[in-house]
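Student: Structure file input_28.cif (mmCIF, C-alpha atoms) is given on the next line.
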data_start
loop_
_atom_site.label_atom_id
_atom_site.label_comp_id
_atom_site.auth_asym_id
_atom_site.auth_seq_id
_atom_site.Cartn_x
_atom_site.Cartn_y
_atom_site.Cartn_z
CA MET A 212 2.88 33.16 12.28
CA THR A 213 5.37 32.33 14.98
CA THR A 214 7.49 29.19 14.81
CA ARG A 215 5.77 27.85 17.91
CA LYS A 216 2.34 28.01 16.33
CA LEU A 217 3.64 26.37 13.15
CA GLU A 218 5.30 23.66 15.22
CA ILE A 219 2.03 22.91 16.99
CA LEU A 220 0.17 22.60 13.68
CA VAL A 221 2.87 20.38 12.15
CA GLY A 222 2.86 18.29 15.33
CA ALA A 223 -0.90 17.83 15.05
CA PHE A 224 -0.48 16.82 11.40
CA VAL A 225 2.17 14.20 12.25
CA ALA A 226 0.08 12.90 15.17
CA LEU A 227 -2.91 12.56 12.84
CA SER A 228 -0.89 10.58 10.31
CA ILE A 229 0.47 8.29 13.05
CA ALA A 230 -3.12 7.70 14.15
CA ALA A 231 -3.96 6.82 10.54
CA LEU A 232 -1.06 4.35 10.43
CA MET A 233 -2.21 2.76 13.68
CA LEU A 234 -5.73 2.39 12.27
CA LEU A 235 -4.36 0.77 9.12
CA ALA A 236 -2.00 -1.52 11.02
CA LEU A 237 -4.29 -2.66 13.84
CA LYS A 238 -7.85 -2.32 12.60
CA VAL A 239 -7.35 -2.97 8.86
CA ALA A 240 -4.35 -5.29 8.60
CA ASN A 241 -4.50 -6.80 12.11
CA ALA A 242 -0.70 -6.86 12.32
CA GLY A 243 1.13 -7.31 15.58
CA VAL A 244 -1.56 -9.53 17.03
CA ALA A 245 -1.09 -12.58 14.84
CA GLY A 246 2.67 -12.26 14.39
CA SER A 247 3.71 -12.11 18.02
CA ASP A 248 2.19 -15.41 19.09
CA GLN A 249 4.25 -18.54 19.69
CA SER A 250 3.52 -21.46 17.41
CA TYR A 251 4.55 -25.05 16.74
CA GLN A 252 4.69 -26.97 13.48
CA LEU A 253 2.87 -30.09 12.29
CA LEU A 254 3.39 -32.00 9.04
CA ALA A 255 0.80 -33.73 6.88
CA THR A 256 0.89 -35.52 3.53
CA PHE A 257 -2.06 -35.25 1.16
CA ASP A 258 -2.82 -36.90 -2.19
CA ASN A 259 -4.08 -33.63 -3.66
CA ILE A 260 -4.17 -30.20 -2.07
CA GLY A 261 -6.40 -28.55 -4.68
CA GLY A 262 -6.26 -24.76 -4.33
CA LEU A 263 -4.67 -24.65 -0.87
CA LYS A 264 -2.16 -21.80 -0.49
CA VAL A 265 0.50 -20.75 1.99
CA ARG A 266 -1.19 -18.69 4.78
CA SER A 267 -4.51 -20.51 4.30
CA PRO A 268 -6.21 -20.94 7.71
CA VAL A 269 -6.36 -24.13 9.76
CA LYS A 270 -9.72 -24.37 11.54
CA VAL A 271 -11.19 -26.51 14.29
CA GLY A 272 -14.96 -26.28 14.22
CA GLY A 273 -14.69 -22.93 12.43
CA VAL A 274 -12.15 -21.39 14.84
CA VAL A 275 -8.81 -20.44 13.26
CA VAL A 276 -6.05 -22.17 15.25
CA GLY A 277 -3.17 -21.75 12.81
CA ARG A 278 -2.04 -21.25 9.24
CA VAL A 279 -0.34 -23.16 6.43
CA ALA A 280 3.36 -22.28 6.65
CA ASN A 281 4.81 -24.18 3.72
CA ILE A 282 3.77 -26.48 0.86
CA HIS A 283 6.25 -28.64 -1.01
CA LEU A 284 6.34 -31.89 -2.99
CA ASP A 285 7.91 -34.96 -1.44
CA PRO A 286 10.65 -35.80 -4.01
CA GLU A 287 10.33 -39.59 -3.51
CA GLN A 288 6.61 -40.16 -2.97
CA PHE A 289 5.53 -37.34 -5.33
CA GLN A 290 2.95 -36.25 -2.79
CA PRO A 291 2.43 -32.74 -1.49
CA VAL A 292 3.66 -32.19 2.09
CA VAL A 293 1.97 -29.37 3.99
CA THR A 294 3.59 -27.71 7.02
CA LEU A 295 1.05 -26.26 9.47
CA GLU A 296 1.88 -23.59 12.01
CA ILE A 297 -0.47 -24.02 14.99
CA ASN A 298 -0.85 -21.45 17.73
CA SER A 299 0.87 -22.67 20.91
CA SER A 300 -2.21 -22.03 23.02
CA TYR A 301 -3.84 -24.98 21.20
CA ASN A 302 -1.23 -27.61 22.06
CA ASN A 303 -3.28 -30.60 23.13
CA PHE A 304 -4.50 -32.24 19.92
CA PRO A 305 -4.19 -36.06 20.10
CA GLU A 306 -2.29 -37.93 17.39
CA THR A 307 -5.55 -39.54 16.25
CA SER A 308 -6.73 -36.18 14.87
CA SER A 309 -7.51 -36.00 11.17
CA LEU A 310 -7.14 -33.26 8.55
CA ALA A 311 -9.38 -32.48 5.58
CA ILE A 312 -9.09 -29.80 2.92
CA LEU A 313 -12.43 -28.01 2.81
CA THR A 314 -13.89 -25.07 0.92
CA SER A 315 -15.68 -22.19 2.61
CA GLY A 316 -18.90 -21.76 0.69
CA LEU A 317 -19.35 -22.77 -2.94
CA LEU A 318 -16.71 -20.48 -4.42
CA GLY A 319 -14.71 -19.54 -1.32
CA GLU A 320 -11.11 -20.03 -0.29
CA GLN A 321 -9.87 -23.48 0.65
CA TYR A 322 -8.81 -24.16 4.23
CA ILE A 323 -7.71 -27.10 6.36
CA GLY A 324 -10.25 -28.48 8.79
CA LEU A 325 -8.73 -30.23 11.81
CA GLN A 326 -10.95 -32.84 13.46
CA PRO A 327 -9.61 -33.71 16.93
CA GLY A 328 -9.54 -37.46 17.58
CA PHE A 329 -10.22 -39.60 20.64
CA VAL A 330 -7.92 -39.69 23.64
CA ASP A 331 -6.97 -42.74 25.73
CA GLU A 332 -3.84 -43.92 27.54
CA SER A 333 -1.98 -45.18 24.45
CA VAL A 334 -2.62 -42.01 22.39
CA GLU A 335 0.00 -39.29 22.51
CA ILE A 336 -0.45 -35.56 22.15
CA LEU A 337 0.89 -33.93 18.97
CA GLY A 338 4.02 -31.81 19.45
CA ASN A 339 6.38 -29.77 17.28
CA GLY A 340 7.39 -31.57 14.06
CA ASP A 341 4.89 -34.44 14.42
CA ARG A 342 3.06 -35.82 11.42
CA ILE A 343 -0.72 -36.26 11.14
CA GLU A 344 -1.35 -39.49 9.22
CA ASP A 345 -5.11 -39.35 8.70
CA THR A 346 -5.73 -36.86 5.88
CA LYS A 347 -8.50 -36.30 3.35
CA SER A 348 -7.62 -34.61 0.07
CA ALA A 349 -9.30 -31.67 -1.54
CA ILE A 350 -12.37 -32.39 -3.63
CA VAL A 351 -11.60 -31.61 -7.25
CA LEU A 352 -14.78 -30.70 -9.09
CA GLU A 353 -13.63 -32.21 -12.39
CA GLU A 354 -13.01 -35.62 -10.75
CA LEU A 355 -16.45 -35.53 -9.15
CA ILE A 356 -18.09 -34.80 -12.50
CA GLY A 357 -15.97 -37.53 -14.09
CA GLN A 358 -17.10 -40.07 -11.45
CA PHE A 359 -20.71 -39.00 -11.85
CA LEU A 360 -20.60 -39.47 -15.63
CA PHE A 361 -18.80 -42.82 -15.24
CA ASN A 362 -21.50 -44.05 -12.83
CA ARG A 363 -24.26 -42.89 -15.18
CA GLY A 364 -22.56 -44.76 -18.02
CA ASN A 365 -22.51 -48.00 -16.02
CA GLN A 366 -26.22 -47.91 -15.23
CA MET B 55 13.77 19.48 -45.03
CA ILE B 56 14.71 16.14 -43.51
CA LEU B 57 17.80 17.76 -42.02
CA ASP B 58 15.60 20.37 -40.32
CA LYS B 59 13.44 17.64 -38.76
CA LEU B 60 16.54 15.77 -37.66
CA GLN B 61 17.91 18.93 -36.11
CA GLN B 62 14.64 19.51 -34.22
CA LEU B 63 14.69 15.94 -32.94
CA GLY B 64 18.29 16.27 -31.86
CA ALA B 65 17.68 19.60 -30.15
CA ALA B 66 14.66 18.22 -28.29
CA THR B 67 16.65 15.17 -27.15
CA LEU B 68 19.58 17.27 -25.97
CA GLU B 69 17.23 19.66 -24.17
CA THR B 70 15.57 16.74 -22.34
CA ILE B 71 18.89 15.22 -21.33
CA GLN B 72 20.20 18.60 -20.19
CA GLY B 73 17.03 19.03 -18.14
CA PHE B 74 17.71 15.71 -16.38
CA GLY B 75 21.29 16.80 -15.82
CA ARG B 76 20.28 20.17 -14.33
CA ALA B 77 17.71 18.44 -12.08
CA THR B 78 20.37 16.02 -10.85
CA LEU B 79 22.82 18.86 -10.18
CA MET B 80 20.12 20.77 -8.28
CA LEU B 81 19.34 17.66 -6.24
CA ALA B 82 22.99 16.99 -5.49
CA GLY B 83 23.50 20.61 -4.44
CA ALA B 84 20.45 20.56 -2.19
CA LEU B 85 21.30 17.24 -0.55
CA TRP B 86 25.09 17.75 -0.36
CA GLY B 87 26.19 17.25 3.20
CA ARG B 88 24.08 16.65 6.27
CA PRO B 89 20.70 18.41 6.25
CA ARG B 90 20.94 21.23 8.82
CA PHE B 91 17.76 20.32 10.68
CA VAL B 92 18.79 22.10 13.87
CA LYS B 93 20.20 25.34 12.47
CA ALA B 94 17.55 25.81 9.78
CA TRP B 95 14.66 24.48 11.90
CA PRO B 96 12.28 27.45 11.33
CA LEU B 97 12.74 27.09 7.54
CA TYR B 98 11.86 23.39 7.69
CA ILE B 99 8.87 23.92 9.98
CA LYS B 100 7.51 26.60 7.66
CA GLN B 101 7.69 24.25 4.68
CA PHE B 102 6.18 21.33 6.59
CA TYR B 103 3.28 23.64 7.37
CA VAL B 104 2.87 24.96 3.81
CA VAL B 105 3.33 21.60 2.06
CA GLY B 106 1.77 19.23 4.60
CA VAL B 107 -0.72 20.91 6.89
CA LEU B 108 -2.27 23.14 4.24
CA SER B 109 -2.80 20.11 1.92
CA LEU B 110 -4.67 18.28 4.67
CA LEU B 111 -8.16 19.60 3.92
CA ILE B 112 -8.26 18.59 0.25
CA ILE B 113 -6.73 15.20 1.10
CA VAL B 114 -9.28 14.44 3.83
CA VAL B 115 -12.25 15.55 1.74
CA SER B 116 -11.18 13.64 -1.39
CA GLY B 117 -10.29 10.56 0.67
CA LEU B 118 -13.71 10.56 2.29
CA PHE B 119 -15.55 10.88 -1.01
CA ILE B 120 -13.42 8.33 -2.86
CA GLY B 121 -13.98 5.80 -0.08
CA MET B 122 -17.72 6.49 -0.18
CA VAL B 123 -17.93 6.13 -3.97
CA LEU B 124 -15.89 2.90 -3.87
CA ALA B 125 -18.26 1.41 -1.31
CA LEU B 126 -21.33 2.52 -3.27
CA GLN B 127 -20.08 1.14 -6.59
CA GLY B 128 -18.59 -2.01 -5.07
CA TYR B 129 -21.82 -2.79 -3.25
CA THR B 130 -23.82 -2.64 -6.50
CA VAL B 131 -21.74 -5.40 -8.09
CA LEU B 132 -21.01 -7.46 -4.98
CA SER B 133 -24.65 -7.63 -3.89
CA LYS B 134 -25.49 -9.30 -7.22
CA PHE B 135 -23.25 -12.22 -6.20
CA GLY B 136 -24.39 -12.13 -2.60
CA ALA B 137 -20.84 -11.27 -1.55
CA GLU B 138 -21.49 -8.03 0.37
CA GLN B 139 -19.10 -9.07 3.12
CA MET B 140 -16.23 -8.66 0.66
CA LEU B 141 -16.92 -4.91 0.53
CA GLY B 142 -14.34 -4.27 3.28
CA PRO B 143 -11.42 -5.96 1.48
CA LEU B 144 -12.47 -4.32 -1.81
CA VAL B 145 -12.38 -0.81 -0.34
CA ALA B 146 -9.28 -1.41 1.80
CA LEU B 147 -7.17 -3.10 -0.86
CA SER B 148 -7.96 -0.64 -3.64
CA LEU B 149 -7.20 2.29 -1.32
CA LEU B 150 -4.05 0.82 0.23
CA ARG B 151 -2.48 -0.46 -2.95
CA GLU B 152 -3.51 2.01 -5.63
CA LEU B 153 -5.86 4.88 -4.92
CA GLY B 154 -4.25 6.10 -1.70
CA PRO B 155 -0.73 6.66 -3.06
CA VAL B 156 -1.76 7.63 -6.62
CA VAL B 157 -4.62 10.03 -5.94
CA THR B 158 -2.67 11.65 -3.10
CA ALA B 159 0.28 12.15 -5.44
CA LEU B 160 -1.95 13.68 -8.14
CA LEU B 161 -3.65 16.01 -5.64
CA PHE B 162 -0.28 16.82 -4.09
CA ALA B 163 1.14 17.74 -7.51
CA GLY B 164 -1.79 20.08 -8.11
CA ARG B 165 -2.01 21.54 -4.62
CA ALA B 166 1.59 21.73 -3.36
CA GLY B 167 3.73 21.05 -6.44
CA SER B 168 2.34 23.91 -8.49
CA ALA B 169 2.72 26.26 -5.51
CA LEU B 170 6.38 25.25 -5.08
CA THR B 171 7.11 25.83 -8.77
CA ALA B 172 5.40 29.22 -8.84
CA GLU B 173 7.12 30.37 -5.65
CA ILE B 174 10.62 29.40 -6.75
CA GLY B 175 10.03 30.65 -10.30
CA LEU B 176 8.98 34.03 -8.97
CA MET B 177 12.00 34.11 -6.67
CA LYS B 178 14.13 33.53 -9.73
CA ALA B 179 12.28 36.16 -11.82
CA THR B 180 12.65 38.80 -9.09
CA GLU B 181 16.34 37.84 -8.75
CA GLN B 182 16.02 36.82 -5.11
CA LEU B 183 18.03 33.67 -5.83
CA SER B 184 20.86 35.72 -7.38
CA GLY B 185 20.65 38.08 -4.40
CA MET B 186 21.19 35.18 -2.01
CA GLU B 187 24.20 34.04 -3.97
CA MET B 188 25.60 37.59 -3.76
CA MET B 189 25.32 37.33 0.04
CA ALA B 190 27.10 33.94 0.00
CA VAL B 191 23.90 32.11 0.92
CA ASP B 192 23.44 28.93 -1.11
CA PRO B 193 19.85 29.06 -2.48
CA LEU B 194 19.96 25.30 -3.07
CA ARG B 195 20.42 24.65 0.62
CA ARG B 196 18.27 27.48 1.92
CA ILE B 197 15.35 27.33 -0.54
CA ILE B 198 15.38 23.93 -2.26
CA ALA B 199 16.45 21.56 0.54
CA PRO B 200 13.68 22.41 3.09
CA ARG B 201 11.01 22.13 0.39
CA LEU B 202 12.41 18.83 -0.85
CA TRP B 203 12.46 17.27 2.63
CA ALA B 204 9.03 18.65 3.43
CA GLY B 205 7.57 17.10 0.27
CA VAL B 206 9.26 13.72 0.72
CA VAL B 207 8.19 13.43 4.38
CA CYS B 208 4.70 14.91 4.15
CA MET B 209 3.28 13.07 1.15
CA PRO B 210 3.47 9.53 2.57
CA LEU B 211 1.82 10.90 5.74
CA LEU B 212 -0.91 12.49 3.63
CA ALA B 213 -1.37 9.19 1.75
CA LEU B 214 -1.81 7.36 5.08
CA ILE B 215 -4.44 9.85 6.18
CA PHE B 216 -6.15 9.63 2.77
CA THR B 217 -6.34 5.82 3.00
CA ALA B 218 -7.59 5.77 6.59
CA VAL B 219 -10.25 8.39 5.89
CA GLY B 220 -11.26 6.53 2.72
CA ILE B 221 -11.78 3.28 4.62
CA LEU B 222 -13.87 5.13 7.21
CA GLY B 223 -15.84 6.71 4.34
CA GLY B 224 -16.44 3.23 2.91
CA HIS B 225 -17.65 2.17 6.36
CA LEU B 226 -20.00 5.16 6.44
CA VAL B 227 -21.69 4.24 3.16
CA GLY B 228 -21.36 0.44 3.30
CA VAL B 229 -22.30 -0.19 6.92
CA ASP B 230 -24.32 2.82 8.04
CA TRP B 231 -26.21 3.44 4.83
CA LEU B 232 -26.37 0.23 2.79
CA GLY B 233 -26.55 -2.11 5.79
CA VAL B 234 -23.51 -4.35 5.34
CA ASP B 235 -22.67 -6.08 8.64
CA ALA B 236 -20.12 -4.00 10.56
CA GLY B 237 -18.31 -7.01 12.01
CA GLY B 238 -18.04 -8.58 8.57
CA TYR B 239 -16.71 -5.34 7.08
CA TRP B 240 -13.77 -5.25 9.50
CA SER B 241 -13.09 -8.97 9.90
CA ALA B 242 -13.09 -9.73 6.17
CA MET B 243 -10.74 -6.76 5.78
CA GLN B 244 -8.40 -8.09 8.47
CA ALA B 245 -8.43 -11.55 6.92
CA ASN B 246 -7.48 -10.24 3.48
CA VAL B 247 -5.14 -7.30 4.16
CA ASP B 248 -1.53 -8.12 4.96
CA PHE B 249 0.52 -5.49 6.77
CA GLU B 250 3.76 -5.99 4.85
CA GLN B 251 2.29 -6.84 1.47
CA ASP B 252 -0.34 -4.11 1.37
CA VAL B 253 0.28 -1.37 3.94
CA LEU B 254 4.08 -1.21 3.69
CA ASN B 255 4.09 -1.47 -0.10
CA GLY B 256 1.61 1.41 -0.21
CA ILE B 257 3.93 3.51 1.96
CA ILE B 258 6.93 2.66 -0.24
CA LYS B 259 4.91 3.61 -3.30
CA SER B 260 3.88 6.98 -1.90
CA THR B 261 7.46 7.73 -0.80
CA VAL B 262 8.66 7.15 -4.37
CA PHE B 263 5.83 9.34 -5.71
CA ALA B 264 6.65 12.04 -3.15
CA PHE B 265 10.26 12.17 -4.28
CA VAL B 266 9.31 12.24 -7.98
CA VAL B 267 6.64 14.93 -7.63
CA THR B 268 8.71 17.18 -5.37
CA VAL B 269 11.86 16.96 -7.49
CA ILE B 270 9.89 17.73 -10.67
CA ALA B 271 8.14 20.69 -9.01
CA LEU B 272 11.37 22.16 -7.62
CA HIS B 273 13.30 21.59 -10.84
CA LYS B 274 10.64 23.19 -13.02
CA GLY B 275 10.61 26.24 -10.74
CA PHE B 276 14.37 26.48 -10.44
CA ASP B 277 14.78 26.05 -14.20
CA ALA B 278 11.91 28.37 -15.25
CA VAL B 279 12.38 31.12 -17.79
CA PRO B 280 12.33 34.18 -15.47
CA THR B 281 9.34 35.93 -17.05
CA SER B 282 5.65 35.85 -16.13
CA GLU B 283 4.99 33.66 -19.19
CA GLY B 284 7.85 31.35 -18.26
CA ILE B 285 6.52 30.90 -14.72
CA SER B 286 3.03 30.11 -15.94
CA ARG B 287 4.42 27.54 -18.38
CA ALA B 288 6.64 26.02 -15.68
CA THR B 289 3.65 25.67 -13.32
CA THR B 290 1.59 23.93 -15.99
CA GLN B 291 4.50 21.64 -16.85
CA THR B 292 4.89 20.69 -13.21
CA VAL B 293 1.33 19.43 -12.93
CA VAL B 294 1.37 17.63 -16.30
CA THR B 295 4.82 16.06 -15.99
CA ALA B 296 4.40 15.09 -12.34
CA SER B 297 1.00 13.47 -12.99
CA LEU B 298 2.32 11.49 -15.96
CA ALA B 299 5.44 10.46 -14.03
CA VAL B 300 3.29 9.28 -11.10
CA LEU B 301 1.08 7.17 -13.35
CA GLY B 302 4.10 5.71 -15.15
CA PHE B 303 5.94 4.89 -11.92
CA ASP B 304 2.73 3.44 -10.50
CA PHE B 305 2.55 0.89 -13.28
CA VAL B 306 6.18 -0.12 -12.82
CA LEU B 307 5.89 -0.33 -9.01
CA THR B 308 2.62 -2.29 -9.18
CA ALA B 309 4.16 -4.72 -11.65
CA VAL B 310 7.16 -5.24 -9.33
CA MET B 311 5.18 -5.42 -6.04
CA PHE B 312 1.97 -7.23 -6.94
CA GLY B 313 2.65 -8.55 -10.46
CA GLY B 314 4.19 -11.89 -9.46
#
Take the structure in the file and give it back as structure tokens.

Tutor:
Amino acid sequence: MTTRKLEILVGAFVALSIAALMLLALKVANAGVAGSDQSYQLLATFDNIGGLKVRSPVKVGGVVVGRVANIHLDPEQFQPVVTLEINSSYNNFPETSSLAILTSGLLGEQYIGLQPGFVDESVEILGNGDRIEDTKSAIVLEELIGQFLFNRGNQ
Amino acid sequence: MILDKLQQLGAATLETIQGFGRATLMLAGALWGRPRFVKAWPLYIKQFYVVGVLSLLIIVVSGLFIGMVLALQGYTVLSKFGAEQMLGPLVALSLLRELGPVVTALLFAGRAGSALTAEIGLMKATEQLSGMEMMAVDPLRRIIAPRLWAGVVCMPLLALIFTAVGILGGHLVGVDWLGVDAGGYWSAMQANVDFEQDVLNGIIKSTVFAFVVTVIALHKGFDAVPTSEGISRATTQTVVTASLAVLGFDFVLTAVMFGG
């Protein structure tokens, strides 16, 4: 076979593998779409974060608006501090908003549910580096069972 | 008696170490200096065709069937827990992280590696390699280098195609046949697959496997005893050694990449 014919076949092979990479990157891994967006950071302190992980989603009414960027323990208060990275297109949450750590389904992953609060003249809009004060901790199953048994014992 | 055994052990050890040494020398000779992509272009194109394009059919067919079987088996277990929507991540993650690179490397060792060994072994047996040296042509740079580059470049590409076809095969069985929701198949996959963690690590894995398999195949051929029996033994050794090396490296790489 001539070199030209071989070159065409090899070119088709390389083009096919690039198409495969594009499929894996865009359709399977969804890269490039999430990473390119601008975001701003919010802080929140919880009593207990349960099974929350870095990169867990932050949802408002089921819509993903951001992800958990960092989790660390406050060295003085001994409370976990969670850094949220919120997509810049959702930049008008009032400071009265509250956070709760929820579980998707019975056995699913844990995520942060953001409940937007009321707005009036004295309420400011959350910006980069602001802290959300109103937080609800994760429900730990063992504590629930413990409470249940304790209540039964009192009756 | 004991001395004889000791001698055998020593001889086997020395032979193994010498083999590593000869493989390293061959590699150094083939890679010494800049690869002459422009001057030797027809040689490289020929090898890309033989090693890459001709392996495409077996890769596509096995990828399709492995994806289909994964979806079929995964569905059986997942449907018991009512978690059919996790079929997408199951198929995608097993293909990207493990099956894509490993099965491609095993098929590549059988399809292209054995052919490389037999070809070079026969060149050696018919004294073509010595003939080249007589004409002041370095066989390491003319014969070994194009095959080495072709193997190292083509196998990761083949692994990508294998994985993509496998995921489409899983879609075929899971969505079109068993009735998993198509939107759930893709969105659960996108939520659980990370580009750097899964896709890039898979590519790194298959590049390492490509290098290992190609070097073993070329070394076994270049080092073969130049008789018909020697070539047949070298070809067998290529497939066995390369497959074992791939599985061993896979464990190490998985432990490093996903173990923590």

Student: Produce a table with one row for each residue of chain B that has an atom at most 9 Å from any atom of chain A, each row naming the nearest atom pair and its distance in Å at one decimal; use all atoms listed in the file; arrange rows by chain and rising residue number; format as JSON lines.

Tutor:
{"residue": "B:Pro96", "atom": "CA", "partner": "A:Thr214", "partner_atom": "CA", "distance": 6.2}
{"residue": "B:Ile99", "atom": "CA", "partner": "A:Glu218", "partner_atom": "CA", "distance": 6.3}
{"residue": "B:Lys100", "atom": "CA", "partner": "A:Leu217", "partner_atom": "CA", "distance": 6.7}
{"residue": "B:Phe102", "atom": "CA", "partner": "A:Val221", "partner_atom": "CA", "distance": 6.5}
{"residue": "B:Tyr103", "atom": "CA", "partner": "A:Val221", "partner_atom": "CA", "distance": 5.8}
{"residue": "B:Gly106", "atom": "CA", "partner": "A:Phe224", "partner_atom": "CA", "distance": 7.6}
{"residue": "B:Val107", "atom": "CA", "partner": "A:Phe224", "partner_atom": "CA", "distance": 6.1}
{"residue": "B:Leu110", "atom": "CA", "partner": "A:Phe224", "partner_atom": "CA", "distance": 8.1}
{"residue": "B:Pro143", "atom": "CA", "partner": "A:Val239", "partner_atom": "CA", "distance": 8.9}
{"residue": "B:Ala146", "atom": "CA", "partner": "A:Val239", "partner_atom": "CA", "distance": 7.5}
{"residue": "B:Leu150", "atom": "CA", "partner": "A:Leu235", "partner_atom": "CA", "distance": 8.9}
{"residue": "B:Cys208", "atom": "CA", "partner": "A:Val225", "partner_atom": "CA", "distance": 8.5}
{"residue": "B:Pro210", "atom": "CA", "partner": "A:Ser228", "partner_atom": "CA", "distance": 8.9}
{"residue": "B:Leu211", "atom": "CA", "partner": "A:Ser228", "partner_atom": "CA", "distance": 5.3}
{"residue": "B:Leu212", "atom": "CA", "partner": "A:Ser228", "partner_atom": "CA", "distance": 6.9}
{"residue": "B:Ala213", "atom": "CA", "partner": "A:Ser228", "partner_atom": "CA", "distance": 8.7}
{"residue": "B:Leu214", "atom": "CA", "partner": "A:Ala231", "partner_atom": "CA", "distance": 5.9}
{"residue": "B:Ile215", "atom": "CA", "partner": "A:Ala231", "partner_atom": "CA", "distance": 5.3}
{"residue": "B:Phe216", "atom": "CA", "partner": "A:Ala231", "partner_atom": "CA", "distance": 8.5}
{"residue": "B:Thr217", "atom": "CA", "partner": "A:Ala231", "partner_atom": "CA", "distance": 8.0}
{"residue": "B:Ala218", "atom": "CA", "partner": "A:Ala231", "partner_atom": "CA", "distance": 5.5}
{"residue": "B:Val219", "atom": "CA", "partner": "A:Ala231", "partner_atom": "CA", "distance": 8.0}
{"residue": "B:Ile221", "atom": "CA", "partner": "A:Val239", "partner_atom": "CA", "distance": 8.8}
{"residue": "B:Trp240", "atom": "CA", "partner": "A:Val239", "partner_atom": "CA", "distance": 6.8}
{"residue": "B:Ser241", "atom": "CA", "partner": "A:Val239", "partner_atom": "CA", "distance": 8.4}
{"residue": "B:Met243", "atom": "CA", "partner": "A:Val239", "partner_atom": "CA", "distance": 5.9}
{"residue": "B:Gln244", "atom": "CA", "partner": "A:Ala240", "partner_atom": "CA", "distance": 4.9}
{"residue": "B:Ala245", "atom": "CA", "partner": "A:Ala240", "partner_atom": "CA", "distance": 7.7}
{"residue": "B:Asn246", "atom": "CA", "partner": "A:Ala240", "partner_atom": "CA", "distance": 7.8}
{"residue": "B:Val247", "atom": "CA", "partner": "A:Ala240", "partner_atom": "CA", "distance": 4.9}
{"residue": "B:Asp248", "atom": "CA", "partner": "A:Ala240", "partner_atom": "CA", "distance": 5.4}
{"residue": "B:Phe249", "atom": "CA", "partner": "A:Ala240", "partner_atom": "CA", "distance": 5.2}
{"residue": "B:Glu250", "atom": "CA", "partner": "A:Ala242", "partner_atom": "CA", "distance": 8.7}
{"residue": "B:Asp252", "atom": "CA", "partner": "A:Ala240", "partner_atom": "CA", "distance": 8.4}
{"residue": "B:Val253", "atom": "CA", "partner": "A:Leu235", "partner_atom": "CA", "distance": 7.3}

Student: Find the residue from B:Leu298, B:Ala199, B:Ala288, B:Ala242 that sits nearest to B:Met80; use only C-alpha atoms when measuring.

Tutor: B:Ala199

Student: Could you give me, as a list in words, the residues within 10 Å of A:Asp345, counting all atoms listed in the file and dropping anything in the same chain fewer than 4 positions from it?

Tutor: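 Here the answer would be Ala255, Thr256, Phe257, Glu306, Thr307, Ser308, Ser309, Leu310, Ala311 and Gln326 of chain A.
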
Student: Please dump the current selection as a PDB file, in the frame of the given file; keep C-alpha atoms.

Tutor:
ATOM      1  CA  ALA A 255       0.800 -33.730   6.880  1.00  0.00           C
ATOM      2  CA  THR A 256       0.890 -35.520   3.530  1.00  0.00           C
ATOM      3  CA  PHE A 257      -2.060 -35.250   1.160  1.00  0.00           C
ATOM      4  CA  GLU A 306      -2.290 -37.930  17.390  1.00  0.00           C
ATOM      5  CA  THR A 307      -5.550 -39.540  16.250  1.00  0.00           C
ATOM      6  CA  SER A 308      -6.730 -36.180  14.870  1.00  0.00           C
ATOM      7  CA  SER A 309      -7.510 -36.000  11.170  1.00  0.00           C
ATOM      8  CA  LEU A 310      -7.140 -33.260   8.550  1.00  0.00           C
ATOM      9  CA  ALA A 311      -9.380 -32.480   5.580  1.00  0.00           C
ATOM     10  CA  GLN A 326     -10.950 -32.840  13.460  1.00  0.00           C
TER      11      GLN A 326
END

Student: Report the residues retrieved by the PyMOL selection byres ((chain A and resi 292-296) around 7) from the displayed file, expressed as a list of chain:residue names.

Tutor: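 What the PyMOL selection byres ((chain A and resi 292-296) around 7) grabs from the file is A:Ser250, A:Tyr251, A:Gln252, A:Leu253, A:Leu254, A:Ala255, A:Thr256, A:Phe257, A:Gly277, A:Arg278, A:Val279, A:Ala280, A:Asn281, A:Ile282, A:His283, A:Leu284, A:Asp285, A:Gln290, A:Pro291, A:Ile297, A:Asn298.
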
Student: In Å, rounded to a single decimal, give me how far atom CA of B:Gly228 is from atom CA of B:Met140.

Tutor: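 These two atoms are separated by 10.8 Å.
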
Student: For atom CA of B:Leu307 and atom CA of B:Val293, quote the distance in Å rounded to one decimal.

Tutor: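 Interatomic distance here is 20.7 Å.
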
Student: Please write the residues picked by the PyMOL selection byres ((chain B and resi 268-275) around 8) on this file as a ChimeraX atom specification.

Tutor: /B:76-77,80-81,163,167-168,170-175,198,201-202,205-206,264-267,276-278,285,288-289,291-293,295-296

Student: Return as an MDAnalysis selection string the set of residues that the PyMOL selection byres ((chain B and resi 141) around 7) yields on the displayed structure.

Tutor: chainID B and resid 125 128:129 138:140 142:145 239

Student: Within 7 Å of stretch 300-303 of chain A, counting all atoms listed in the file, which residues show up once you throw out same-chain ones fewer than 4 positions away? Write them as number ranges by chain, please.

Tutor: A: 276, 336-337

Student: Give, as JSON, the centre coordinates and the x, y and z edge lengths in Å to one decimal for an axis-aligned box around all listed atoms of stretch 303-310 of chain B, padded by 3 Å on each side.

Tutor:
{"center_x": 4.9, "center_y": -0.2, "center_z": -11.1, "size_x": 10.6, "size_y": 16.1, "size_z": 10.3}

Student: Smallest atom-to-atom distance to B:Met311: which of B:Ser282, B:Trp95, B:Arg151, B:His225, using all atoms listed in the file?

Tutor: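 Of B:Ser282, B:Trp95, B:Arg151, B:His225, the one nearest B:Met311, counting all atoms listed in the file, is B:Arg151.
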